[in-house]
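Raw contents of query.cif, mmCIF, C-alpha atoms:
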data_final
loop_
_atom_site.label_atom_id
_atom_site.label_comp_id
_atom_site.auth_asym_id
_atom_site.auth_seq_id
_atom_site.Cartn_x
_atom_site.Cartn_y
_atom_site.Cartn_z
CA MET F 228 -87.88 -85.64 14.30
CA ARG F 229 -86.46 -88.97 13.26
CA LEU F 230 -83.45 -89.42 11.05
CA ILE F 231 -85.56 -90.85 8.26
CA THR F 232 -87.20 -87.42 7.99
CA HIS F 233 -83.90 -85.60 8.38
CA ASN F 234 -82.63 -87.64 5.45
CA MET F 235 -85.48 -86.29 3.32
CA LEU F 236 -85.19 -82.61 4.25
CA SER F 237 -83.04 -79.95 2.68
CA SER F 238 -82.73 -76.21 2.93
CA ASN F 239 -84.13 -74.41 -0.08
CA ILE F 240 -83.49 -70.88 1.03
CA LYS F 241 -83.17 -68.60 -1.98
CA GLY F 242 -79.66 -68.73 -3.37
CA VAL F 243 -78.65 -71.99 -1.73
CA THR F 244 -77.29 -74.47 -4.26
CA ASN F 245 -77.04 -77.53 -2.08
CA GLY F 246 -78.99 -77.45 1.15
CA PHE F 247 -78.54 -81.15 1.93
CA PRO F 248 -77.90 -82.53 4.40
CA LEU F 249 -78.91 -80.15 7.14
CA ARG F 250 -76.52 -80.14 10.07
CA ILE F 251 -78.05 -81.01 13.41
CA GLN F 252 -77.79 -79.05 16.63
CA VAL F 253 -78.80 -81.26 19.53
CA GLU F 254 -80.47 -80.14 22.72
CA LYS F 255 -82.53 -83.20 23.54
CA VAL F 256 -82.63 -86.67 22.03
CA VAL F 257 -85.21 -89.27 23.00
CA GLU F 258 -85.23 -92.94 22.07
CA LYS F 259 -88.59 -94.51 21.31
CA GLU F 260 -88.89 -98.17 20.46
CA VAL F 261 -90.70 -99.09 17.28
CA ASP F 262 -91.52 -102.53 15.89
CA PHE F 263 -88.70 -103.93 13.82
CA ASN F 264 -89.78 -104.46 10.24
CA PRO F 265 -87.01 -105.63 7.89
CA ASP F 266 -89.18 -105.33 4.75
CA PHE F 267 -89.79 -101.67 5.45
CA LEU F 268 -86.08 -101.07 5.91
CA ARG F 269 -85.13 -102.90 2.72
CA ASN F 270 -87.76 -100.88 0.89
CA MET F 271 -86.49 -97.54 2.19
CA PHE F 272 -82.81 -98.35 1.86
CA ALA F 273 -82.44 -97.29 -1.77
CA LYS F 274 -83.82 -93.86 -0.93
CA ILE F 275 -81.42 -93.14 1.92
CA GLU F 276 -78.35 -90.94 1.54
CA TRP F 277 -76.04 -93.08 3.60
CA LYS F 278 -73.36 -90.59 4.58
CA ALA F 279 -75.97 -88.08 5.70
CA LEU F 280 -77.50 -90.79 7.88
CA THR F 281 -74.25 -91.93 9.48
CA GLU F 282 -73.22 -88.35 10.26
CA ALA F 283 -76.61 -87.47 11.68
CA SER F 284 -76.68 -90.67 13.70
CA LYS F 285 -73.30 -89.88 15.25
CA THR F 286 -74.53 -86.40 16.10
CA LEU F 287 -77.43 -87.96 17.95
CA GLY F 288 -75.08 -90.24 19.82
CA TYR F 289 -75.34 -93.50 17.87
CA ALA F 290 -72.13 -94.41 16.07
CA ASP F 291 -72.73 -98.08 15.25
CA LEU F 292 -73.65 -97.74 11.60
CA PRO F 293 -71.02 -98.91 9.10
CA GLU F 294 -69.43 -96.14 7.06
CA GLU F 295 -70.05 -97.95 3.80
CA THR F 296 -72.72 -100.38 2.74
CA GLU F 297 -73.12 -103.15 0.24
CA PRO F 298 -76.26 -104.95 -0.93
CA LEU F 299 -75.48 -108.15 1.03
CA MET F 300 -75.86 -106.23 4.27
CA LEU F 301 -79.61 -106.09 3.68
CA GLU F 302 -79.67 -109.81 4.45
CA SER F 303 -77.98 -109.32 7.78
CA GLU F 304 -80.33 -108.94 10.73
CA GLU F 305 -77.57 -107.32 12.74
CA PHE F 306 -77.15 -104.59 10.16
CA LEU F 307 -80.89 -104.11 9.75
CA ARG F 308 -81.37 -103.71 13.46
CA LYS F 309 -78.72 -101.00 13.57
CA LEU F 310 -80.34 -99.30 10.60
CA HIS F 311 -83.73 -99.62 12.28
CA HIS F 312 -82.45 -98.01 15.44
CA ALA F 313 -80.74 -95.10 13.74
CA LEU F 314 -83.45 -94.37 11.22
CA LEU F 315 -86.59 -94.85 13.25
CA GLU F 316 -85.93 -94.90 16.99
CA LEU F 317 -83.81 -91.80 17.59
CA HIS F 318 -85.86 -88.63 17.94
CA LEU F 319 -84.44 -85.15 18.00
CA GLU F 320 -86.97 -83.60 20.42
CA GLU F 321 -85.31 -80.22 20.87
CA GLY F 322 -82.61 -78.56 18.85
CA ALA F 323 -82.25 -77.24 15.34
CA LEU F 324 -81.51 -78.15 11.75
CA VAL F 325 -78.87 -75.92 10.22
CA CYS F 326 -78.58 -74.93 6.59
CA PRO F 327 -75.14 -76.12 5.47
CA GLU F 328 -74.58 -73.05 3.29
CA THR F 329 -76.10 -70.15 5.19
CA GLY F 330 -76.00 -71.40 8.78
CA ARG F 331 -79.67 -70.47 9.16
CA LYS F 332 -81.30 -72.48 11.93
CA PHE F 333 -84.62 -74.27 11.55
CA PRO F 334 -85.78 -74.93 15.11
CA VAL F 335 -86.98 -78.34 16.25
CA ASN F 336 -89.44 -78.25 19.16
CA LYS F 337 -91.30 -81.20 20.64
CA GLY F 338 -89.88 -83.28 17.84
CA ILE F 339 -91.32 -81.09 15.09
CA PRO F 340 -89.02 -79.17 12.77
CA ASN F 341 -90.12 -75.73 11.65
CA MET F 342 -89.08 -75.36 8.02
CA LEU F 343 -91.07 -72.20 7.34
CA LEU F 344 -89.04 -69.68 5.39
CA HIS F 345 -89.07 -65.95 6.05
CA GLU F 346 -90.31 -63.75 3.23
CA ASP F 347 -86.84 -62.78 2.11
CA GLU F 348 -85.71 -66.39 1.92
CA VAL F 349 -88.31 -67.56 -0.56
CA MET I 212 -107.45 -102.46 19.30
CA PRO I 213 -106.89 -100.67 15.99
CA TYR I 214 -109.70 -98.41 14.80
CA LYS I 215 -110.99 -98.37 11.23
CA VAL I 216 -110.57 -94.59 11.02
CA ALA I 217 -109.65 -91.83 13.45
CA GLN I 218 -112.14 -91.44 16.29
CA ILE I 219 -113.51 -87.97 16.87
CA GLY I 220 -113.28 -88.48 20.61
CA LEU I 221 -109.54 -89.06 20.31
CA VAL I 222 -108.82 -86.18 17.92
CA SER I 223 -106.97 -83.41 19.69
CA SER I 224 -108.06 -79.82 19.28
CA HIS I 225 -106.96 -76.23 19.67
CA PRO I 226 -108.81 -72.96 19.03
CA GLU I 227 -106.43 -72.13 16.17
CA VAL I 228 -106.77 -75.51 14.48
CA TYR I 229 -109.50 -76.62 12.09
CA ASP I 230 -111.61 -79.38 13.62
CA PRO I 231 -112.65 -82.31 11.42
CA CYS I 232 -115.71 -81.40 9.39
CA ASP I 233 -117.64 -82.57 6.32
CA ASP I 234 -114.66 -82.01 4.06
CA SER I 235 -112.42 -84.12 6.31
CA PHE I 236 -115.03 -86.86 6.46
CA VAL I 237 -115.57 -86.94 2.70
CA LEU I 238 -111.84 -87.39 2.15
CA VAL I 239 -111.60 -90.21 4.67
CA ASP I 240 -114.73 -91.83 3.22
CA ALA I 241 -113.10 -91.72 -0.20
CA LEU I 242 -109.95 -93.35 1.17
CA LEU I 243 -112.04 -96.00 2.90
CA ALA I 244 -113.91 -96.70 -0.31
CA ASP I 245 -110.59 -97.06 -2.12
CA ARG I 246 -108.92 -99.15 0.57
CA VAL I 247 -108.61 -102.29 -1.53
CA ASN I 248 -106.82 -100.36 -4.28
CA LEU I 249 -104.69 -98.62 -1.69
CA ALA I 250 -103.65 -101.94 -0.17
CA GLN I 251 -102.74 -103.40 -3.55
CA HIS I 252 -100.84 -100.22 -4.29
CA GLN I 253 -98.44 -100.93 -1.40
CA PRO I 254 -97.35 -97.34 -0.88
CA SER I 255 -93.97 -96.81 0.75
CA ILE I 256 -94.21 -93.11 1.42
CA CYS I 257 -97.50 -91.32 2.15
CA MET I 258 -97.95 -87.65 2.80
CA GLU I 259 -100.73 -85.42 4.02
CA ILE I 260 -100.35 -81.78 3.06
CA GLY I 261 -102.22 -79.59 5.54
CA CYS I 262 -102.82 -82.10 8.30
CA GLY I 263 -104.81 -79.78 10.60
CA SER I 264 -106.12 -81.84 13.50
CA GLY I 265 -104.47 -85.00 12.19
CA TYR I 266 -107.82 -86.65 11.51
CA VAL I 267 -107.04 -87.60 7.90
CA VAL I 268 -103.44 -88.78 8.21
CA THR I 269 -104.36 -90.82 11.27
CA SER I 270 -107.25 -92.36 9.37
CA LEU I 271 -105.00 -93.14 6.40
CA ALA I 272 -102.50 -94.85 8.68
CA LEU I 273 -105.29 -96.88 10.26
CA ILE I 274 -106.83 -97.81 6.91
CA LEU I 275 -103.50 -98.89 5.45
CA GLY I 276 -102.16 -100.31 8.66
CA LYS I 277 -104.36 -103.35 8.48
CA GLU I 278 -103.92 -103.92 4.78
CA VAL I 279 -100.30 -103.65 3.74
CA PRO I 280 -97.64 -106.23 4.56
CA HIS I 281 -95.11 -103.65 5.55
CA PRO I 282 -95.79 -100.25 7.05
CA ALA I 283 -95.37 -97.07 5.08
CA LEU I 284 -93.58 -93.89 6.05
CA TYR I 285 -96.19 -91.23 6.84
CA ILE I 286 -95.30 -87.57 6.64
CA ALA I 287 -97.70 -84.83 7.69
CA THR I 288 -97.19 -81.14 7.08
CA ASP I 289 -99.02 -77.96 8.01
CA ILE I 290 -98.19 -74.26 7.82
CA ASN I 291 -99.96 -73.73 11.16
CA PRO I 292 -97.63 -74.36 14.14
CA TYR I 293 -100.56 -75.32 16.38
CA ALA I 294 -101.85 -77.82 13.83
CA VAL I 295 -98.62 -79.80 13.79
CA SER I 296 -98.74 -80.17 17.58
CA VAL I 297 -102.38 -81.19 17.50
CA THR I 298 -101.69 -83.70 14.71
CA ARG I 299 -98.94 -85.26 16.74
CA GLU I 300 -101.31 -85.65 19.71
CA THR I 301 -104.07 -87.14 17.57
CA LEU I 302 -101.68 -89.68 16.05
CA GLU I 303 -100.40 -90.67 19.47
CA ALA I 304 -103.90 -91.07 20.87
CA HIS I 305 -104.58 -93.66 18.15
CA GLY I 306 -101.29 -95.49 18.53
CA CYS I 307 -100.17 -94.23 15.13
CA PHE I 308 -97.05 -92.41 14.12
CA ALA I 309 -96.20 -89.94 11.37
CA ASP I 310 -93.27 -87.64 10.95
CA VAL I 311 -94.79 -84.19 11.35
CA VAL I 312 -93.21 -81.02 9.96
CA ASN I 313 -94.26 -77.39 10.24
CA THR I 314 -93.79 -76.12 6.72
CA ASP I 315 -95.52 -74.49 3.77
CA ILE I 316 -96.99 -77.32 1.66
CA ALA I 317 -93.92 -79.56 1.38
CA ASN I 318 -91.17 -77.00 1.49
CA GLY I 319 -87.90 -78.70 2.36
CA PHE I 320 -88.95 -82.08 1.00
CA GLU I 321 -89.14 -81.28 -2.72
CA LYS I 322 -85.58 -82.20 -3.57
CA ARG I 323 -85.18 -85.47 -1.68
CA LEU I 324 -88.72 -86.70 -2.17
CA SER I 325 -88.94 -85.81 -5.84
CA LYS I 326 -90.89 -88.56 -7.66
CA SER I 327 -90.92 -90.57 -4.44
CA VAL I 328 -94.27 -90.19 -2.74
CA ASP I 329 -96.80 -92.91 -3.47
CA VAL I 330 -99.88 -91.40 -1.84
CA ILE I 331 -100.63 -87.75 -1.16
CA VAL I 332 -103.85 -86.74 0.55
CA VAL I 333 -104.98 -83.16 0.84
CA ASN I 334 -108.00 -81.27 2.07
CA PRO I 335 -106.82 -77.87 0.91
CA PRO I 336 -107.95 -74.37 1.81
CA TYR I 337 -110.54 -74.24 -0.98
CA VAL I 338 -112.87 -71.45 0.08
CA PRO I 339 -112.92 -68.44 -2.25
CA THR I 340 -111.64 -65.50 -0.20
CA PRO I 341 -109.82 -62.21 -0.75
CA GLU I 342 -106.18 -62.84 -1.66
CA ASP I 343 -104.86 -61.14 1.45
CA GLU I 344 -106.37 -63.87 3.65
CA VAL I 345 -104.21 -66.49 1.96
CA GLY I 346 -100.97 -67.52 3.62
CA CYS I 347 -101.73 -66.56 7.23
CA LYS I 348 -100.40 -69.20 9.58
CA GLY I 349 -103.34 -69.34 11.97
CA ILE I 350 -106.65 -71.11 11.51
CA THR I 351 -107.48 -68.98 8.43
CA SER I 352 -104.90 -71.03 6.54
CA ALA I 353 -107.31 -73.95 6.83
CA TRP I 354 -109.84 -72.42 4.45
CA ALA I 355 -108.57 -69.24 2.77
CA GLY I 356 -108.17 -70.09 -0.89
CA GLY I 357 -108.09 -66.74 -2.69
CA GLU I 358 -109.71 -66.29 -6.07
CA ASN I 359 -112.07 -69.20 -6.86
CA GLY I 360 -110.46 -70.85 -3.85
CA ARG I 361 -107.63 -71.92 -6.14
CA THR I 362 -104.56 -70.01 -4.96
CA VAL I 363 -103.22 -72.68 -2.62
CA ILE I 364 -104.69 -75.59 -4.59
CA ASP I 365 -102.72 -74.53 -7.66
CA ARG I 366 -99.50 -74.41 -5.65
CA ILE I 367 -100.23 -77.78 -4.08
CA LEU I 368 -100.77 -79.34 -7.50
CA LEU I 369 -97.36 -78.08 -8.65
CA VAL I 370 -95.73 -79.62 -5.60
CA ALA I 371 -97.65 -82.88 -6.04
CA GLU I 372 -96.48 -83.04 -9.64
CA GLU I 373 -92.92 -82.93 -8.35
CA LEU I 374 -93.32 -85.36 -5.47
CA LEU I 375 -95.57 -88.08 -6.86
CA SER I 376 -93.80 -91.27 -7.85
CA ASP I 377 -94.55 -92.92 -11.18
CA LYS I 378 -97.27 -94.91 -9.45
CA GLY I 379 -98.24 -92.05 -7.14
CA TRP I 380 -101.83 -91.14 -6.33
CA LEU I 381 -103.13 -87.79 -5.15
CA TYR I 382 -106.50 -87.52 -3.39
CA MET I 383 -107.80 -83.97 -3.10
CA VAL I 384 -110.99 -82.39 -1.82
CA THR I 385 -112.46 -79.61 -3.92
CA LEU I 386 -115.52 -77.43 -3.96
CA ALA I 387 -117.67 -76.85 -7.03
CA ALA I 388 -116.45 -73.23 -6.94
CA ASN I 389 -112.87 -74.43 -7.53
CA LYS I 390 -113.94 -75.54 -11.01
CA PRO I 391 -112.79 -79.14 -10.62
CA VAL I 392 -113.32 -79.98 -14.27
CA GLU I 393 -110.93 -77.20 -15.25
CA LEU I 394 -108.47 -78.51 -12.66
CA CYS I 395 -108.61 -81.96 -14.21
CA ILE I 396 -108.02 -80.51 -17.69
CA GLU I 397 -104.98 -78.58 -16.45
CA MET I 398 -103.60 -81.67 -14.76
CA LYS I 399 -104.22 -83.71 -17.89
CA LYS I 400 -101.98 -81.31 -19.83
CA LYS I 401 -99.26 -82.19 -17.33
CA GLY I 402 -99.80 -85.91 -17.89
CA PHE I 403 -102.17 -86.72 -15.04
CA ALA I 404 -105.31 -88.76 -15.36
CA SER I 405 -108.06 -88.08 -12.87
CA ARG I 406 -111.40 -89.19 -11.58
CA ILE I 407 -113.95 -87.73 -9.22
CA ILE I 408 -114.27 -90.64 -6.83
CA LEU I 409 -116.74 -89.21 -4.36
CA GLN I 410 -119.20 -86.36 -4.40
CA ARG I 411 -121.20 -85.08 -1.50
CA SER I 412 -123.51 -82.12 -1.07
CA THR I 413 -124.16 -80.65 2.31
CA ASP I 414 -126.41 -77.71 3.10
CA GLU I 415 -123.52 -75.37 2.51
CA GLU I 416 -121.12 -76.99 0.12
CA SER I 417 -120.86 -79.28 -2.87
CA LEU I 418 -117.69 -81.30 -2.32
CA GLN I 419 -115.76 -83.64 -4.57
CA VAL I 420 -112.79 -85.87 -3.93
CA ILE I 421 -110.63 -86.11 -7.03
CA LYS I 422 -108.03 -88.81 -7.47
CA PHE I 423 -105.09 -87.97 -9.75
CA TRP I 424 -102.42 -90.30 -11.08
CA ARG I 425 -99.71 -90.17 -13.76
CA ASP I 426 -101.02 -91.22 -17.11
CA VAL I 427 -97.82 -93.13 -17.85
CA ASP I 428 -99.02 -95.38 -20.60
CA GLY I 429 -101.01 -92.63 -22.28
CA LEU I 430 -104.21 -94.63 -22.44
CA GLN I 431 -107.23 -92.42 -22.81
CA LEU I 432 -110.90 -92.94 -23.44
CA GLU I 433 -111.88 -92.09 -26.98
CA VAL I 434 -114.67 -89.98 -25.61
CA ASN I 435 -112.38 -87.67 -23.68
CA ALA I 436 -113.31 -84.18 -24.62
CA GLU I 437 -110.54 -82.06 -26.08
CA GLU I 438 -109.87 -78.54 -24.95
CA ASN I 439 -111.99 -76.96 -27.66
CA VAL I 440 -115.19 -78.59 -26.48
CA GLY I 441 -117.35 -76.70 -23.99
CA VAL I 442 -117.48 -77.48 -20.32
CA ASN I 443 -121.06 -78.81 -20.43
CA SER I 444 -120.23 -81.59 -22.84
CA LYS I 445 -117.27 -82.62 -20.73
CA LEU I 446 -119.56 -83.09 -17.80
CA PHE I 447 -121.96 -85.08 -19.92
CA PHE I 448 -119.30 -87.49 -21.15
CA ASN I 449 -117.58 -87.65 -17.77
CA PRO I 450 -114.32 -87.93 -19.73
CA PHE I 451 -112.19 -88.09 -16.67
CA SER I 452 -113.27 -91.55 -15.63
CA PHE I 453 -110.26 -93.48 -16.75
CA TRP I 454 -111.08 -97.06 -15.91
CA LYS I 455 -107.84 -98.91 -15.83
CA ARG I 456 -105.49 -100.95 -13.72
CA GLY I 457 -108.39 -102.20 -11.61
CA ASN I 458 -108.94 -98.70 -10.38
CA GLN I 459 -112.66 -98.89 -10.04
CA LEU I 460 -115.13 -97.47 -7.62
CA SER I 461 -118.84 -97.84 -7.67
CA ASN I 462 -119.53 -94.22 -6.79
#

For this file, write the structure as structure tokens.
Amino acid sequence: MRLITHNMLSSNIKGVTNGFPLRIQVEKVVEKEVDFNPDFLRNMFAKIEWKALTEASKTLGYADLPEETEPLMLESEEFLRKLHHALLELHLEEGALVCPETGRKFPVNKGIPNMLLHEDEV
Amino acid sequence: MPYKVAQIGLVSSHPEVYDPCDDSFVLVDALLADRVNLAQHQPSICMEIGCGSGYVVTSLALILGKEVPHPALYIATDINPYAVSVTRETLEAHGCFADVVNTDIANGFEKRLSKSVDVIVVNPPYVPTPEDEVGCKGITSAWAGGENGRTVIDRILLVAEELLSDKGWLYMVTLAANKPVELCIEMKKKGFASRIILQRSTDEESLQVIKFWRDVDGLQLEVNAEENVGVNSKLFFNPFSFWKRGNQLSN
């Protein structure tokens, strides 16, 4: 699971008011190179919850993202490359996503998160 | 060497996962036929709900991959834990990538991807079955559709309504038994225009691919049949062919 996906997932267990962002429990992280595409990054940028990304990135071992952003940064290749790396090249292969309110774990195996809810959570 | 669509020889399989079949092919054929529109559309986020073997999402990525100036984010979901693994393998075999999640429809994504997905493709479980077959996580989930085959379709449409961006398009396979005209009427009440973009009859099934989009500017054909007109006349007028924004197909 890449951080771009993590940034789009929340826990909607019954009763949870704010299930975003999910905390990450790491067992195995893999880095996989992907072609750098600045247009794609600029396009996605508006959608990203920045704090959730920086926290998740640190959890996966990459702490180079700036804490705050400003629009001019989208013109900086250096910034875009860091964003590219954090968002698209870090894969949580094994571990779990954790609901921030209930602590319920959604396992991640072979890079695929299991977000299926139990009957009593729906 | 990029392929035009997913290659059957490279599609991974598992006994508990639905192999590509006529319904998968009709959906991909519809996407292929619409590829010029899809390219102009420049989707940022694409999603397949119920990815099964990965045949359709892989094909979508291949179709769009050649056409758009910047790549899209592809997300693939399936309730079946074997399907998500198989999809991942199929994508990899074609040199494609999608973020794959094991979930029920798009559970977990609704909040953050609300009004954000530009293309959704779905080949839903459309076969009329007893209700108790619906919702199993094994291979049955690929076809079990409950009464009129509509139980899961109706839930998917609710989710699509939430996720589709203002310019979002939904492509969905249906069976004649799902009463597609009724489906289109219900979606119209929610502000969605629609068009049957491909029809195909096999020995066993009569399949349609319906394309839905938000009717944002409220343009409608004069001839569109209102709710108090019978079903037969709606079919005669084909009122759901909204020709606009260059969205034209010859079939």

Quiz item: Could you spell out the hits of the PyMOL selection byres ((chain F) within 9 of (chain I)) on the shown file, as a list in words?
Solution: Met228, Arg229, Ile231, Thr232, Asn234, Met235, Leu236, Ser237, Ser238, Asn239, Phe247, Asn264, Pro265, Asp266, Phe267, Asn270, Met271, Lys274, Lys337, Gly338, Ile339, Pro340, Asn341, Met342, Leu343 and Leu344 of chain F

With a distance cut-off of 9 Å and only C-alpha atoms, select the neighbouring residues of F:Ile251, excluding the residue or stretch itself and same-chain residues fewer than 4 positions from it, and output the selection as a CSV table (one decimal) with C-alpha atoms, in the frame of the given file.
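Below you can see part_15.csv, which holds the result:
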chain,number,residue,atom,x,y,z
F,233,HIS,CA,-83.9,-85.6,8.4
F,283,ALA,CA,-76.6,-87.5,11.7
F,286,THR,CA,-74.5,-86.4,16.1
F,287,LEU,CA,-77.4,-88.0,18.0
F,319,LEU,CA,-84.4,-85.2,18.0
F,322,GLY,CA,-82.6,-78.6,18.8
F,323,ALA,CA,-82.2,-77.2,15.3
F,324,LEU,CA,-81.5,-78.2,11.8
F,325,VAL,CA,-78.9,-75.9,10.2

Evaluate the PyMOL selection byres ((chain I and resi 418) around 9) on the structure here and hand back the selected residues as an mmCIF file with C-alpha atoms, in the coordinates of the input.
data_model
loop_
_atom_site.group_PDB
_atom_site.id
_atom_site.type_symbol
_atom_site.label_atom_id
_atom_site.label_comp_id
_atom_site.auth_asym_id
_atom_site.auth_seq_id
_atom_site.Cartn_x
_atom_site.Cartn_y
_atom_site.Cartn_z
ATOM 1 C CA ASP I 233 -117.640 -82.570 6.320
ATOM 2 C CA ASP I 234 -114.660 -82.010 4.060
ATOM 3 C CA VAL I 237 -115.570 -86.940 2.700
ATOM 4 C CA VAL I 384 -110.990 -82.390 -1.820
ATOM 5 C CA THR I 385 -112.460 -79.610 -3.920
ATOM 6 C CA LEU I 386 -115.520 -77.430 -3.960
ATOM 7 C CA ALA I 387 -117.670 -76.850 -7.030
ATOM 8 C CA LEU I 409 -116.740 -89.210 -4.360
ATOM 9 C CA GLN I 410 -119.200 -86.360 -4.400
ATOM 10 C CA ARG I 411 -121.200 -85.080 -1.500
ATOM 11 C CA SER I 412 -123.510 -82.120 -1.070
ATOM 12 C CA THR I 413 -124.160 -80.650 2.310
ATOM 13 C CA GLU I 416 -121.120 -76.990 0.120
ATOM 14 C CA SER I 417 -120.860 -79.280 -2.870
ATOM 15 C CA GLN I 419 -115.760 -83.640 -4.570
ATOM 16 C CA VAL I 420 -112.790 -85.870 -3.930
#

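Going from atom CA of F:Thr329 to atom CA of F:His345 covers 13.7 Å.
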
Exercise on stretch 418-427 of chain I, axis-aligned box with 3 Å per side, report centre and edge lengths in Å to one decimal, as JSON:
{"center_x": -107.8, "center_y": -87.2, "center_z": -10.1, "size_x": 25.9, "size_y": 17.8, "size_z": 21.5}

Quiz item: Quick one: residues within 9 Å of I:Ala304, all atoms listed in the file counted, chain neighbours fewer than 4 positions away excluded, as a PyMOL selection string?
Solution: chain I and resi 221-223+299-300

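Across the model, the gap from atom CA of I:Val216 to atom CA of F:Leu268 is 25.8 Å.
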
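In this structure, atom CA of I:Ala371 sits 7.5 Å away from atom CA of I:Ile331.
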
Could you model N, CA, C and O atoms for stretch 265-277 of chain I and present them as a PDB file, in the coordinates of the input?
ATOM      1  N   GLY I 265    -105.059 -83.669  12.295  1.00  0.00           N
ATOM      2  CA  GLY I 265    -104.470 -85.000  12.190  1.00  0.00           C
ATOM      3  C   GLY I 265    -105.495 -86.083  11.882  1.00  0.00           C
ATOM      4  O   GLY I 265    -105.152 -87.259  11.755  1.00  0.00           O
ATOM      5  N   TYR I 266    -106.752 -85.678  11.724  1.00  0.00           N
ATOM      6  CA  TYR I 266    -107.820 -86.650  11.510  1.00  0.00           C
ATOM      7  C   TYR I 266    -107.581 -87.507  10.252  1.00  0.00           C
ATOM      8  O   TYR I 266    -107.740 -88.735  10.284  1.00  0.00           O
ATOM      9  N   VAL I 267    -107.175 -86.857   9.166  1.00  0.00           N
ATOM     10  CA  VAL I 267    -107.040 -87.600   7.900  1.00  0.00           C
ATOM     11  C   VAL I 267    -105.801 -88.483   7.881  1.00  0.00           C
ATOM     12  O   VAL I 267    -105.891 -89.672   7.533  1.00  0.00           O
ATOM     13  N   VAL I 268    -104.658 -87.963   8.261  1.00  0.00           N
ATOM     14  CA  VAL I 268    -103.440 -88.780   8.210  1.00  0.00           C
ATOM     15  C   VAL I 268    -103.549 -89.963   9.175  1.00  0.00           C
ATOM     16  O   VAL I 268    -103.104 -91.076   8.869  1.00  0.00           O
ATOM     17  N   THR I 269    -104.157 -89.736  10.316  1.00  0.00           N
ATOM     18  CA  THR I 269    -104.360 -90.820  11.270  1.00  0.00           C
ATOM     19  C   THR I 269    -105.271 -91.881  10.651  1.00  0.00           C
ATOM     20  O   THR I 269    -105.003 -93.083  10.757  1.00  0.00           O
ATOM     21  N   SER I 270    -106.331 -91.421  10.011  1.00  0.00           N
ATOM     22  CA  SER I 270    -107.250 -92.360   9.370  1.00  0.00           C
ATOM     23  C   SER I 270    -106.553 -93.146   8.274  1.00  0.00           C
ATOM     24  O   SER I 270    -106.747 -94.355   8.131  1.00  0.00           O
ATOM     25  N   LEU I 271    -105.735 -92.458   7.474  1.00  0.00           N
ATOM     26  CA  LEU I 271    -105.000 -93.140   6.400  1.00  0.00           C
ATOM     27  C   LEU I 271    -104.092 -94.216   6.975  1.00  0.00           C
ATOM     28  O   LEU I 271    -104.041 -95.341   6.469  1.00  0.00           O
ATOM     29  N   ALA I 272    -103.397 -93.878   8.043  1.00  0.00           N
ATOM     30  CA  ALA I 272    -102.500 -94.850   8.680  1.00  0.00           C
ATOM     31  C   ALA I 272    -103.289 -96.042   9.215  1.00  0.00           C
ATOM     32  O   ALA I 272    -102.840 -97.190   9.115  1.00  0.00           O
ATOM     33  N   LEU I 273    -104.465 -95.800   9.740  1.00  0.00           N
ATOM     34  CA  LEU I 273    -105.290 -96.880  10.260  1.00  0.00           C
ATOM     35  C   LEU I 273    -105.837 -97.743   9.119  1.00  0.00           C
ATOM     36  O   LEU I 273    -105.824 -98.966   9.193  1.00  0.00           O
ATOM     37  N   ILE I 274    -106.276 -97.072   8.054  1.00  0.00           N
ATOM     38  CA  ILE I 274    -106.830 -97.810   6.910  1.00  0.00           C
ATOM     39  C   ILE I 274    -105.751 -98.704   6.300  1.00  0.00           C
ATOM     40  O   ILE I 274    -105.957 -99.874   6.036  1.00  0.00           O
ATOM     41  N   LEU I 275    -104.577 -98.136   6.067  1.00  0.00           N
ATOM     42  CA  LEU I 275    -103.500 -98.890   5.450  1.00  0.00           C
ATOM     43  C   LEU I 275    -102.863 -99.870   6.407  1.00  0.00           C
ATOM     44  O   LEU I 275    -102.391-100.930   5.998  1.00  0.00           O
ATOM     45  N   GLY I 276    -102.856 -99.524   7.657  1.00  0.00           N
ATOM     46  CA  GLY I 276    -102.160-100.310   8.660  1.00  0.00           C
ATOM     47  C   GLY I 276    -102.586-101.766   8.681  1.00  0.00           C
ATOM     48  O   GLY I 276    -101.777-102.661   8.867  1.00  0.00           O
ATOM     49  N   LYS I 277    -103.862-101.973   8.432  1.00  0.00           N
ATOM     50  CA  LYS I 277    -104.360-103.350   8.480  1.00  0.00           C
ATOM     51  C   LYS I 277    -104.092-104.074   7.171  1.00  0.00           C
ATOM     52  O   LYS I 277    -104.134-105.272   7.086  1.00  0.00           O
TER      53      LYS I 277
END
